[in-house]
Amino acid sequence: MLTRNRLLAGAAALVALSLGGPAIAQAPIKIGEMNSYKVFPAFLDPYKKGIELAVEEVNAAGGVLGRKIEVVSRDDNGNPGDAVRVAEELLSREGASFLIGTFPSNVGLAVADFAKQRKVLFIAAEPLTDKIVWDQGNAYTYRLRPSTYMQTAMLVPDAAKLAKKRWAIVYPNYEYGQSATAAFKKLLKEKQPDVEFVTEQAPPLGKIDAGAVAQALADAKPDAIFSSLFGPDLAKFVREGQQRGLFKGVEVFNILAGEPEYLDPLKEEAPDGWYVTGYPWADIKTPEHTKFLTAYQAKFKDYPRLGSVVGYSTVISAAEAIKKAGSLDQEKLIAAMSGLTLTTPFGVIQYRPIDHQSTMGAYVGRLGVKDGKGIMKEWRFVDGKDALPSDAEVQKMRPKN
Amino acid sequence: MSNAVLLVEGLHKAFGGVQAVADVSFAVSAGEMLALIGPNGAGKSTCFNMLNGQLKPDAGVVRFEGRDIVGLRPRAIWRLGVGRTFQITATFASLSVRENVQMALYSHAGRLRSLLTRFGTAFRTDADALLNQVGMLDQADRTCGVLAYGDLKRVELAIALANQPRLLLMDEPTAGMAPKERVALMELTASLARARNIAVLFTEHDMDVVFSQADRIIVLDRGELIAGGTPEEVRNNPDVRAVYLGSVH
Amino acid sequence: MTFSSILIQLLNGLAAASSLFLVSAGLSLIFGVTRIVNFAHGSLYMLGLYGAYTLIELLGRTPLGFWSAVVLSALAVGLVGVLIELLVLRRIYRAPELFQLLATFAIVLVIKDIALFAWGAEDLVGPRAPGLSNAVEIMGKRVPAYDLLLIAIGPVVLAAIWLLLTRTRWGALVRAATQDREMVGALGVDQAKLFTSVFFVGAVLAGLGGALQIPREPANLELDLAVIADAFVVTVVGGLGSIGGAFLAAVIIGVAKAFCIGIGTVTWFGVEISFSKLTLVVEFLIMALVLVVRPYGLLGRPQAAQRVAAEPAPPFTVPSWSFALVWLALLLVVPWVADRYTAILLTDIVCFALFAVSLHFIMGPAGMVSFGHAAYFGIGAYAAGLLLKRAGLPMEAALLIAPLVAGAFAIVYGWFCVRLSGVYLAMLTLAFAQISWSIVFQWDSVTGGSNGVFGVWPSAWLADKTVYYYLALGLCGAGVALLWRVMFSPFGFVLRAGRDSPLRAEAIGIDLRRFQWAAFVLAGALAGLAGAVYAFSKGSISPSTISIAQSTDGLVMVLLGGVETLTGPVVGAAIFTWLRDVVARNTEFWRAVIGLVILLIVLLFPQGLVGGLKALAMRWREGRA
């Protein structure tokens with residue numbers, strides 16, 4: 001391997017000499033990225049495109065610290081053990097300066113813990129788990145996406161406004177679903193003390209018996225339903241629920257269901273009137289988003305999904321952090337990340353010094369159908385910073401170190 | 001009958017209302033070759049399996065050297081000093097001939113539980129002596145899985161002798177062998193049994209073998225003993241003739 | 001639950017049972033006749049869904065279009081089954097038992113990537129069945145009309161298979177082959193044709209089971225593995241080769257799940273029990289229960305003697321000291337000449353090597369195949385992590401106690417498992433692994449639930465990756481050496497003897513089960529050691545260490561290297577881990593590439609890599625002599 005690296009270095013030097021420019025004379029800054037590409041391809045294919053777009057833009061603008069950036073991607077197979085290994089490979093063999101990426105919570109948390117041990121910056125792109133910045137938070141880990149708690153909190157005001165008394169809950173049986181449920185129950189109870197949770201269904205992820213679950217929920221005669229299902233589970237639940245009349249006269253709240261990744265497969269069956277968090281990409285007219293959308297469509301001849309925005313914004317965050325740090329020194333990078341402010345397609349976000357969570361927000365609205373496709377209507381943007389608990393609460397959760 | 005090694009009294013077994021073995025009694029003495037014969041379905045195998053512990057009789061007593069062995073597992077009966085061969089040979093196919101015999105010797109000596117010693121270092125000469133007796137020493141290093149059927153029968157005999165049994169139970173010992181080999185194997189068995197004073201009970205289809213090798217013969221038909229005695233007596237017994245429909249030579 | 005809810009949940013259960021039955025019936029047929037554990041059966045089901053989706057789009061959303069699409073898709077999947085049989089499995093029928101499982105595992109990987117390439121990553125929600133998109137009102141509750149149709153289809157297909165098996169010559173052959181494979185050869189039947197036809201029928205059933213689901217389930221890439229586990233469970237609970245048993249088992253499992261959901265959360269004596277969460281594992285609980293009570297499933301019969309390999313397993317050769325020392329020296333030197341990452345990759349490899357050797361120990365010499373060996377690997381990992389984090393033990397102590405914990409679990413699980421044999425035994429090990437997995441997955445307060453345990457790092461003196469590698473090499477190497485040593489001891493020979501002939505073992509006074517049980521415990525403890533070493537090398541533990549995927553990896557490693565050689569599992573572990581590291585890094589469709597590489601190895605070396613290379617070396621030597 002030594003020889004290969006030396007060869008590469010030699011080749012790079014030759015190229016630099018022939019071009020002569022001092023700016024390009026240095027090898028690119030490598031950013032190590034890992035994700036469960038083969039396990040969650042529906043989300044991560046667009047995510048990868050987002051990364052490519054961001055890398056292209058950053059480099060077109062002259063790179064950072066006078067060098068180009070390069071994202072080296074690895075598949076972690078959705079397995080924390082593999083993720084830690086490829087993380088190590090990215091750092092020690094590829095010479096990555098720090099780490100970004102990951103999708104499932106357990107992988108994200110494992111890499112976060114690895115980053116802490118290895119004293120390396122890790123920007124978690126996608127994992128939604130609250131623990132990554134709170135209970136298990138550490139100095140080296142930052143997280144971009146609005147967490148389970150935040151997305152849930154964004155829906156609670158609408159839920160409370162309806163003043164429905166009997167709530168049924170359905171969630172995929174793992175940490176994400178459990179956290180969403182716990183957060184929803186806690187937050188709604190605070191706003192509406194007389195609320196009653198009449199039944200809870202926790203089907204295994206990807207293996208919902210949708211007919212039986214829909215029937216069990218209907219039997220409980222709820223006024224409203226809170227769901228955190230997504231993917232095939234969501235599609236099956238929607239269809240069975242509609243056929244069995246579960247949603248008639250019942251308000252449904254479903255975090256994530258407005259994300260194109262999960263909404264688009266439903267096509268004309270997208271359930272009308274559901275309250276969701278998501279990404280109405282076609283209707284967002286802010287300059288930041290329009291710029292992103294135009295560039296994305298020009299490059300890929302496809303529309304962006306939420307994953308595209310996450311991938312794009314993660315790389316922009318990484319580039320901005322390097323710029324602000326002015327160096328690749330880990331401690332300087334960490335310091336730069338704290339309070340780092342940048343512009344994403346969703347507007348300006350900040351990585352909060354208090355818990356390393358970014359204030360990236362999400363779009364909250366209701367589902368509808370237009371031209372045989374599911375859309376979000378009556379949507380509004382909720383800034384992430386408005387969906388977070390008080391500083392005192394955060395400090396209580398986050399370990400001191 | 002005081003010197004009987006195996007004493008069977010009033011053995012009964014029924015399968016779902018069908019009497020397979022009814023009130024069978026007999027005895028085998030040390031050094032004696034007793035043949036159990038009868039047409040197909042007469043209950044020979046059922047009878048055998050009740051003696052070796054594979055089946056539990058509905059009623060009756062099986063005494064080995066005076067001890068009731070009904071209800072004991074096959075392995076416990078073996079430990080008392082009963083050797084067995086099977087109708088279809090059962091050997092350890094991936095082990096060598098010598099190792100097959102050594103396995104029985106190790107087991108007899110209670111030395112199989114060792115985790116860290118090397119198998120095969122002990123009882124080598126004992127195994128070779130047994131193999132020599134059955135004429136298999138020259139093939140001791142071959143894997144059992146590649147042996148000819150007749151040779152496997154010999155290996156089984158060697159294994160059966162490994163725990164210095166006082167009783168040998170041989171279910172169809174020559175099944176599947178060429179006629180010539182059959183007589184040779186049973187001659188060998190008989191000579192070993194006599195030399196070691198072992199009681200042998202065997203079932204057999206080949207009447208040449210039975211009448212040339214057995215000291216005594218008992219005849220089973222439809223679960224019941226219909227005759228018993230010396231080969232001469234049995235040969236002349238009209239009931240036996242009737243059962244075999246003149247098929248007896 | 002009110003009476004009407006009970007009735008409706010019963011209907012839901014029956015509807016779910018229908019597709020499950022179709023898939024399982026196909027699996028059961030294939031296994032019965034060919035003795036192949038077809039891991040790719042779930043992939044055929046998945047293809048059935050994708051095929052139906054595409055064909056409906058082509059033929060139109062009319063009743064005619066819909067039903068033609070369903071039938072055509074099933075037939076097309078049948079042809080895929082035939083292709084698999086002709087191109088791959090036919091060439092390896094004479095390979096050692098279970099080797100075909102490796103091939104079908106590779107096919108799973110290939111089909112998954114083909115599906116991703118052909119249909120894309122997005123879930124494909126099919127149309128509702130034209131003419132049956134409404135719900136029927138039953139006791140004031142609405143039940144989809146299509147569900148009622150599905151409920152009817154199950155028994156209809158059961159009857160059709162029954163007629164096929166009892167009224168045709170083909171059926172008679174299938175039944176004969178299921179009972180005694182050797183006999184069919186003796187009857188002068190063209191065995192190859194029979195196998196191909198059985199594969200076709202089995203695959204059609206899987207494809208039909210999938211295609212019929214298109215109005216109920218989006219076509220997606222996770223279906224293959226989700227379905228295969230359930231199908232195995234149904235097949236085994238029903239009794240291998242028994243179609244009626246498969247139907248019964250599918251109904252029991254379908255209905256049990258529906259009722260778990262219907263009952264929801266109940267409070268008994270102040271304890272809240274969520275039956276809804278039980279759906280995660282209920283089929284495995286049923287399987288464990290059934291197998292403990294009925295060792296051959298509900299309607300199964302004791303398996304006829306397993307297919308014998310062409311030749312008896314050759315005796316292992318003892319690795320020579322010089323061979324061992326050269327390798328040890330190489331492994332010791334590596335960190336000095338290679339980069340830091342090599343030591344990390346090697347740490348993974350030595351952990352998996354011990355894991356694979358411990359699996360091989362019970363699988364090869366003892367003849368007890370385990371589909372759930374990850375249980376002990378994972379329990380070892382969790383024990384290490386929890387002893388460190390929750391009990392506050394020093395890392396070194398946790399590392400050494402962890403194997404004992406894994407061994408303790410093996411004492412309990414093994415006691416039940418050694419009472420069974422063959423695939424039933426394998427499936428019971430899987431049941432125990434899944435039950436362990438679900439407990440770990442749900443018990444948030446202790447095990448960290450689906451996230452796992454974090455901060456499981458070694459003591460300071462072991463923090464350096466090279467130092468830790470030496471520790472891993474030392475411990476895992478010692479474990480491997482111990483198991484190898486035991487294989488040549490009287491104890492190890494008893495295991496081999498018992499595998500060859502349990503009858504003879506019993507007849508020479510050997511209490512085989514006790515030996516098998518002890519072997520199970522020893523293998524479990526050493527898998528636990530591998531897990532503990534692995535845990536500290538990663539710093540975190542997640543339920544995936546106990547998952548089916550982890551168990552499958554172990555099987556693949558053992559089979560890849562070769563069951564019938566001593567060093568095979570080690571080589572298999574090294575190659576498989578290395579392959580994944582390299583291929584996953586450099587190719588987009590890395591799964592298919594790994595699948596193809598495995599297929600290539602399977603076809604070139606039907607004895608496994610080490611076995612094949614040995615044979616080659618021997619031929620070469622003979623050629624020169």
# chains A, B, ... in the order shown; residues from 1 in each chain; ligands from 1
call {"tool": "residues_around", "arguments": {"residues": "C:Ile214", "least_positions_apart": "5", "cutoff": "12 Å", "atoms": "only C-alpha atoms", "output": "compact mmCIF listing (two decimals) with N, CA and C atoms, in the first residue's frame"}}
result
# COMPACT_ATOMS: atom_id res chain seq x y z
N PRO A 232 -42.18 0.79 2.90
CA PRO A 232 -43.21 -0.19 2.57
C PRO A 232 -44.28 -0.31 3.67
N ALA A 235 -46.83 2.40 3.07
CA ALA A 235 -47.67 2.14 1.90
C ALA A 235 -48.73 1.08 2.21
N LYS A 236 -48.32 0.04 2.92
CA LYS A 236 -49.27 -1.02 3.25
C LYS A 236 -50.33 -0.52 4.23
N ARG A 239 -52.92 1.73 2.45
CA ARG A 239 -53.88 1.00 1.63
C ARG A 239 -54.88 0.23 2.48
N SER C 19 -50.43 -16.41 1.28
CA SER C 19 -49.18 -16.24 0.53
C SER C 19 -48.04 -17.00 1.18
N TYR C 45 -39.83 -15.13 -4.57
CA TYR C 45 -41.06 -14.45 -4.14
C TYR C 45 -41.00 -12.96 -4.49
N MET C 46 -39.87 -12.36 -4.19
CA MET C 46 -39.68 -10.94 -4.49
C MET C 46 -39.81 -10.69 -5.99
N LEU C 47 -39.19 -11.56 -6.78
CA LEU C 47 -39.31 -11.40 -8.24
C LEU C 47 -40.77 -11.52 -8.68
N GLY C 48 -41.53 -12.38 -8.00
CA GLY C 48 -42.94 -12.52 -8.31
C GLY C 48 -43.67 -11.19 -8.18
N LEU C 49 -43.36 -10.46 -7.14
CA LEU C 49 -43.99 -9.15 -6.94
C LEU C 49 -43.55 -8.15 -8.01
N TYR C 50 -42.25 -8.08 -8.22
CA TYR C 50 -41.75 -7.11 -9.22
C TYR C 50 -42.31 -7.44 -10.59
N GLY C 51 -42.31 -8.76 -10.91
CA GLY C 51 -42.81 -9.17 -12.22
C GLY C 51 -44.27 -8.79 -12.38
N ALA C 52 -45.06 -9.05 -11.36
CA ALA C 52 -46.48 -8.73 -11.44
C ALA C 52 -46.67 -7.22 -11.63
N TYR C 53 -45.89 -6.44 -10.91
CA TYR C 53 -46.02 -4.99 -11.03
C TYR C 53 -45.80 -4.54 -12.47
N THR C 54 -44.69 -5.00 -13.04
CA THR C 54 -44.35 -4.58 -14.40
C THR C 54 -45.39 -5.08 -15.41
N LEU C 55 -45.80 -6.32 -15.25
CA LEU C 55 -46.74 -6.89 -16.22
C LEU C 55 -48.10 -6.21 -16.14
N ILE C 56 -48.52 -5.83 -14.96
CA ILE C 56 -49.80 -5.12 -14.85
C ILE C 56 -49.70 -3.77 -15.56
N PHE C 66 -54.79 -7.84 -14.91
CA PHE C 66 -54.27 -8.14 -13.58
C PHE C 66 -53.99 -9.63 -13.42
N TRP C 67 -55.01 -10.44 -13.74
CA TRP C 67 -54.83 -11.87 -13.47
C TRP C 67 -53.85 -12.52 -14.44
N ALA C 69 -51.29 -11.00 -15.55
CA ALA C 69 -49.99 -10.58 -15.02
C ALA C 69 -49.57 -11.47 -13.87
N VAL C 70 -50.51 -11.78 -12.98
CA VAL C 70 -50.18 -12.61 -11.83
C VAL C 70 -49.70 -14.00 -12.29
N SER C 73 -46.38 -13.78 -14.29
CA SER C 73 -45.25 -13.50 -13.40
C SER C 73 -44.84 -14.77 -12.68
N ASP C 123 -39.73 2.00 -3.68
CA ASP C 123 -40.77 0.99 -3.50
C ASP C 123 -41.81 1.15 -4.60
N LEU C 124 -42.28 0.05 -5.13
CA LEU C 124 -43.29 0.10 -6.19
C LEU C 124 -44.63 -0.39 -5.65
N VAL C 125 -45.54 0.55 -5.49
CA VAL C 125 -46.85 0.19 -4.97
C VAL C 125 -47.73 -0.22 -6.14
N GLY C 126 -48.15 -1.46 -6.14
CA GLY C 126 -48.98 -1.96 -7.24
C GLY C 126 -50.41 -1.49 -7.10
N PRO C 127 -51.20 -1.72 -8.15
CA PRO C 127 -52.61 -1.32 -8.09
C PRO C 127 -53.40 -2.29 -7.23
N ARG C 128 -54.58 -1.83 -6.83
CA ARG C 128 -55.49 -2.78 -6.19
C ARG C 128 -56.02 -3.72 -7.26
N ALA C 129 -56.51 -4.87 -6.82
CA ALA C 129 -57.01 -5.83 -7.80
C ALA C 129 -58.28 -5.29 -8.44
N PRO C 130 -58.28 -5.15 -9.77
CA PRO C 130 -59.47 -4.60 -10.43
C PRO C 130 -60.68 -5.49 -10.14
N TYR C 146 -60.38 -8.52 -1.55
CA TYR C 146 -59.23 -9.27 -2.03
C TYR C 146 -58.70 -10.23 -0.96
N LEU C 150 -57.97 -14.20 -1.20
CA LEU C 150 -56.72 -14.85 -0.79
C LEU C 150 -56.99 -16.02 0.15
N GLY C 207 -43.31 -17.59 -6.83
CA GLY C 207 -43.66 -16.44 -7.66
C GLY C 207 -45.13 -16.09 -7.53
N LEU C 208 -45.97 -17.10 -7.46
CA LEU C 208 -47.40 -16.86 -7.32
C LEU C 208 -47.70 -16.22 -5.96
N GLY C 209 -47.05 -16.76 -4.93
CA GLY C 209 -47.22 -16.17 -3.60
C GLY C 209 -46.86 -14.70 -3.61
N ALA C 219 -43.72 -3.74 -3.99
CA ALA C 219 -42.52 -4.48 -4.36
C ALA C 219 -41.32 -3.70 -3.82
N ASN C 220 -40.49 -4.35 -3.03
CA ASN C 220 -39.30 -3.66 -2.52
C ASN C 220 -38.19 -4.67 -2.28
N LEU C 223 -37.83 -7.66 0.59
CA LEU C 223 -38.79 -8.76 0.71
C LEU C 223 -38.12 -10.12 0.76
call {"tool": "select_by_dssp", "arguments": {"residues": "stretch 322-517 of chain C", "states": "strand (DSSP E)", "output": "VMD selection string"}}
result
chain C and resid 453 to 456
call {"tool": "closest_atom_pairs", "arguments": {"of": "chain B", "to": "chain C", "cutoff": "6 Å", "atoms": "only C-alpha atoms", "output": "JSON lines"}}
result
{"residue": "B:Pro74", "atom": "CA", "partner": "C:Ala507", "partner_atom": "CA", "distance": 5.9}
{"residue": "B:Arg75", "atom": "CA", "partner": "C:Gly509", "partner_atom": "CA", "distance": 3.8}
{"residue": "B:Trp78", "atom": "CA", "partner": "C:Gly509", "partner_atom": "CA", "distance": 5.7}
{"residue": "B:Arg79", "atom": "CA", "partner": "C:Gly509", "partner_atom": "CA", "distance": 6.0}
{"residue": "B:Ala90", "atom": "CA", "partner": "C:Arg504", "partner_atom": "CA", "distance": 5.5}
{"residue": "B:Phe92", "atom": "CA", "partner": "C:Asp500", "partner_atom": "CA", "distance": 5.0}
{"residue": "B:Ala93", "atom": "CA", "partner": "C:Asp500", "partner_atom": "CA", "distance": 5.8}
{"residue": "B:Ser94", "atom": "CA", "partner": "C:Ala313", "partner_atom": "CA", "distance": 5.6}
{"residue": "B:Ala104", "atom": "CA", "partner": "C:Ile508", "partner_atom": "CA", "distance": 5.7}
{"residue": "B:Leu112", "atom": "CA", "partner": "C:Pro490", "partner_atom": "CA", "distance": 4.9}
{"residue": "B:Arg113", "atom": "CA", "partner": "C:Phe491", "partner_atom": "CA", "distance": 5.4}
{"residue": "B:Ser114", "atom": "CA", "partner": "C:Phe491", "partner_atom": "CA", "distance": 5.8}
{"residue": "B:Leu115", "atom": "CA", "partner": "C:Val486", "partner_atom": "CA", "distance": 5.2}
{"residue": "B:Leu116", "atom": "CA", "partner": "C:Ser489", "partner_atom": "CA", "distance": 5.6}
{"residue": "B:Thr117", "atom": "CA", "partner": "C:Ser489", "partner_atom": "CA", "distance": 5.3}
{"residue": "B:Arg118", "atom": "CA", "partner": "C:Ser489", "partner_atom": "CA", "distance": 4.6}
{"residue": "B:Phe119", "atom": "CA", "partner": "C:Pro490", "partner_atom": "CA", "distance": 4.6}
{"residue": "B:Gly145", "atom": "CA", "partner": "C:Pro312", "partner_atom": "CA", "distance": 5.7}
call {"tool": "write_last_selection", "arguments": {"atoms": "all heavy atoms", "output": "compact mmCIF listing (two decimals), in the first residue's frame"}}
result
# COMPACT_ATOMS: atom_id res chain seq x y z
N PRO B 74 -29.53 -49.26 25.12
CA PRO B 74 -28.53 -50.09 24.45
C PRO B 74 -27.13 -49.88 25.02
O PRO B 74 -26.38 -50.84 25.24
CB PRO B 74 -28.60 -49.64 23.00
CG PRO B 74 -29.99 -49.14 22.83
CD PRO B 74 -30.40 -48.58 24.16
N ARG B 75 -26.78 -48.61 25.27
CA ARG B 75 -25.41 -48.37 25.71
C ARG B 75 -25.14 -48.97 27.08
O ARG B 75 -24.04 -49.41 27.38
CB ARG B 75 -25.09 -46.88 25.68
CG ARG B 75 -25.96 -46.01 26.54
CD ARG B 75 -25.43 -44.58 26.55
NE ARG B 75 -26.29 -43.74 27.38
CZ ARG B 75 -27.33 -43.09 26.94
NH1 ARG B 75 -27.65 -43.12 25.68
NH2 ARG B 75 -28.05 -42.36 27.77
N TRP B 78 -24.64 -52.68 26.64
CA TRP B 78 -23.29 -52.93 26.12
C TRP B 78 -22.29 -52.90 27.26
O TRP B 78 -21.37 -53.72 27.34
CB TRP B 78 -22.96 -51.88 25.07
CG TRP B 78 -21.60 -52.02 24.47
CD1 TRP B 78 -21.24 -52.81 23.44
CD2 TRP B 78 -20.41 -51.33 24.88
NE1 TRP B 78 -19.92 -52.67 23.15
CE2 TRP B 78 -19.37 -51.76 24.03
CE3 TRP B 78 -20.10 -50.40 25.88
CZ2 TRP B 78 -18.06 -51.29 24.13
CZ3 TRP B 78 -18.80 -49.92 25.99
CH2 TRP B 78 -17.79 -50.38 25.11
N ARG B 79 -22.49 -51.93 28.15
CA ARG B 79 -21.53 -51.79 29.25
C ARG B 79 -21.51 -53.02 30.15
O ARG B 79 -20.51 -53.31 30.82
CB ARG B 79 -21.85 -50.55 30.10
CG ARG B 79 -21.65 -49.25 29.36
CD ARG B 79 -20.89 -48.22 30.19
NE ARG B 79 -20.47 -47.12 29.30
CZ ARG B 79 -19.29 -47.07 28.71
NH1 ARG B 79 -18.40 -48.01 28.95
NH2 ARG B 79 -19.00 -46.09 27.91
N ALA B 90 -23.19 -51.01 10.70
CA ALA B 90 -23.09 -49.65 11.23
C ALA B 90 -21.67 -49.47 11.76
O ALA B 90 -21.31 -50.00 12.81
CB ALA B 90 -24.11 -49.45 12.34
N PHE B 92 -18.22 -46.46 11.66
CA PHE B 92 -17.94 -45.03 11.51
C PHE B 92 -17.19 -44.83 10.20
O PHE B 92 -15.99 -45.07 10.10
CB PHE B 92 -17.12 -44.53 12.70
CG PHE B 92 -17.78 -44.88 14.01
CD1 PHE B 92 -17.08 -45.54 15.01
CD2 PHE B 92 -19.11 -44.56 14.24
CE1 PHE B 92 -17.69 -45.86 16.22
CE2 PHE B 92 -19.74 -44.88 15.44
CZ PHE B 92 -19.01 -45.54 16.43
N ALA B 93 -17.93 -44.37 9.20
CA ALA B 93 -17.42 -44.40 7.83
C ALA B 93 -16.18 -43.52 7.63
O ALA B 93 -15.33 -43.84 6.80
CB ALA B 93 -18.52 -43.96 6.87
N SER B 94 -16.07 -42.42 8.36
CA SER B 94 -14.94 -41.53 8.08
C SER B 94 -13.71 -41.89 8.93
O SER B 94 -12.67 -41.27 8.81
CB SER B 94 -15.34 -40.07 8.32
OG SER B 94 -15.46 -39.82 9.70
N ALA B 104 -14.26 -48.37 20.24
CA ALA B 104 -14.94 -49.26 21.18
C ALA B 104 -14.05 -49.55 22.39
O ALA B 104 -14.52 -49.60 23.52
CB ALA B 104 -15.32 -50.56 20.47
N LEU B 112 -13.10 -41.75 26.77
CA LEU B 112 -13.50 -40.92 25.64
C LEU B 112 -13.64 -39.45 25.98
O LEU B 112 -13.75 -38.60 25.12
CB LEU B 112 -14.82 -41.44 25.05
CG LEU B 112 -14.67 -42.70 24.21
CD1 LEU B 112 -16.03 -43.22 23.82
CD2 LEU B 112 -13.83 -42.43 22.97
N ARG B 113 -13.68 -39.13 27.28
CA ARG B 113 -13.98 -37.74 27.62
C ARG B 113 -12.78 -36.82 27.54
O ARG B 113 -12.91 -35.63 27.80
CB ARG B 113 -14.56 -37.68 29.02
CG ARG B 113 -15.92 -38.33 29.01
CD ARG B 113 -16.60 -38.25 30.32
NE ARG B 113 -17.85 -38.99 30.18
CZ ARG B 113 -18.81 -38.97 31.05
NH1 ARG B 113 -18.68 -38.23 32.13
NH2 ARG B 113 -19.90 -39.67 30.86
N SER B 114 -11.67 -37.37 27.25
CA SER B 114 -10.48 -36.53 27.22
C SER B 114 -10.54 -35.55 26.04
O SER B 114 -10.85 -35.93 24.91
CB SER B 114 -9.24 -37.42 27.08
OG SER B 114 -8.14 -36.61 26.78
N LEU B 115 -10.26 -34.28 26.34
CA LEU B 115 -10.36 -33.24 25.32
C LEU B 115 -9.02 -32.95 24.66
O LEU B 115 -8.97 -32.46 23.54
CB LEU B 115 -10.87 -31.94 25.93
CG LEU B 115 -12.37 -31.88 26.23
CD1 LEU B 115 -12.67 -30.67 27.07
CD2 LEU B 115 -13.15 -31.84 24.93
N LEU B 116 -7.95 -33.20 25.38
CA LEU B 116 -6.67 -32.69 24.87
C LEU B 116 -5.67 -33.76 24.48
O LEU B 116 -4.67 -33.47 23.85
CB LEU B 116 -6.06 -31.72 25.89
CG LEU B 116 -6.92 -30.47 26.12
CD1 LEU B 116 -6.34 -29.62 27.23
CD2 LEU B 116 -7.05 -29.68 24.84
N THR B 117 -5.93 -35.02 24.85
CA THR B 117 -5.00 -36.04 24.39
C THR B 117 -5.33 -36.40 22.95
O THR B 117 -6.38 -36.08 22.45
CB THR B 117 -5.12 -37.32 25.24
OG1 THR B 117 -6.48 -37.74 25.20
CG2 THR B 117 -4.72 -37.05 26.68
N ARG B 118 -4.41 -37.09 22.34
CA ARG B 118 -4.57 -37.45 20.95
C ARG B 118 -5.27 -38.79 20.85
O ARG B 118 -4.83 -39.75 21.48
CB ARG B 118 -3.17 -37.51 20.34
CG ARG B 118 -3.09 -37.65 18.87
CD ARG B 118 -3.38 -36.33 18.22
NE ARG B 118 -3.33 -36.55 16.79
CZ ARG B 118 -2.25 -36.29 16.06
NH1 ARG B 118 -1.19 -35.76 16.61
NH2 ARG B 118 -2.27 -36.54 14.77
N PHE B 119 -6.35 -38.87 20.08
CA PHE B 119 -7.03 -40.15 19.94
C PHE B 119 -6.18 -41.08 19.08
O PHE B 119 -5.57 -40.64 18.11
CB PHE B 119 -8.40 -39.94 19.27
CG PHE B 119 -9.14 -41.23 19.01
CD1 PHE B 119 -9.85 -41.84 20.03
CD2 PHE B 119 -9.11 -41.82 17.76
CE1 PHE B 119 -10.53 -43.03 19.80
CE2 PHE B 119 -9.80 -43.02 17.52
CZ PHE B 119 -10.51 -43.62 18.55
N GLY B 145 -15.39 -46.25 5.20
CA GLY B 145 -16.33 -45.90 4.14
C GLY B 145 -16.00 -46.52 2.79
O GLY B 145 -16.87 -46.57 1.93
call {"tool": "interface_residues", "arguments": {"of": "chain A", "to": "chain C", "cutoff": "6 Å", "atoms": "only C-alpha atoms", "output": "MDAnalysis selection string"}}
result
chainID A and resid 41:42 74 89 106 110 174:175 201:202 204 212 216 232 236 243:244 265
call {"tool": "select_by_dssp", "arguments": {"residues": "stretch 10-208 of chain B", "states": "alpha helix (DSSP H)", "output": "JSON, numbers by chain"}}
result
{"B": [44, 45, 46, 47, 48, 49, 50, 51, 74, 75, 76, 77, 78, 79, 80, 81, 97, 98, 99, 100, 101, 102, 103, 104, 105, 106, 107, 108, 109, 124, 125, 126, 127, 128, 129, 130, 131, 132, 133, 149, 150, 151, 152, 153, 154, 155, 156, 157, 158, 159, 160, 161, 179, 180, 181, 182, 183, 184, 185, 186, 187, 188, 189, 190, 191, 192, 193, 194, 195, 196, 207, 208]}
call {"tool": "residues_around", "arguments": {"residues": "B:Leu169", "least_positions_apart": "6", "cutoff": "8 Å", "atoms": "only C-alpha atoms", "output": "list in words"}}
result
Phe48, Asn52, Val82, Gly83, Arg84, Thr85, Val200, Leu201 and Phe202 of chain B
call {"tool": "atom_distance", "arguments": {"atom1": "atom CA of A:Lys377", "atom2": "atom CA of A:Leu187"}}
result
24.5 Å
call {"tool": "residues_around", "arguments": {"residues": "A:Val72", "least_positions_apart": "5", "cutoff": "9 Å", "atoms": "only C-alpha atoms", "output": "list of chain:residue names"}}
result
A:Lys30, A:Ile31, A:Gly32, A:Glu33, A:Met34, A:Leu90, A:Glu94, A:Ala96
call {"tool": "residues_around", "arguments": {"residues": "C:Ser436", "least_positions_apart": "3", "cutoff": "12 Å", "atoms": "only C-alpha atoms", "output": "NGL selection string"}}
result
:C and (280-281 or 284-285 or 372-380 or 382 or 406 or 409-410 or 413 or 429-433 or 439-443 or 447 or 543-548)
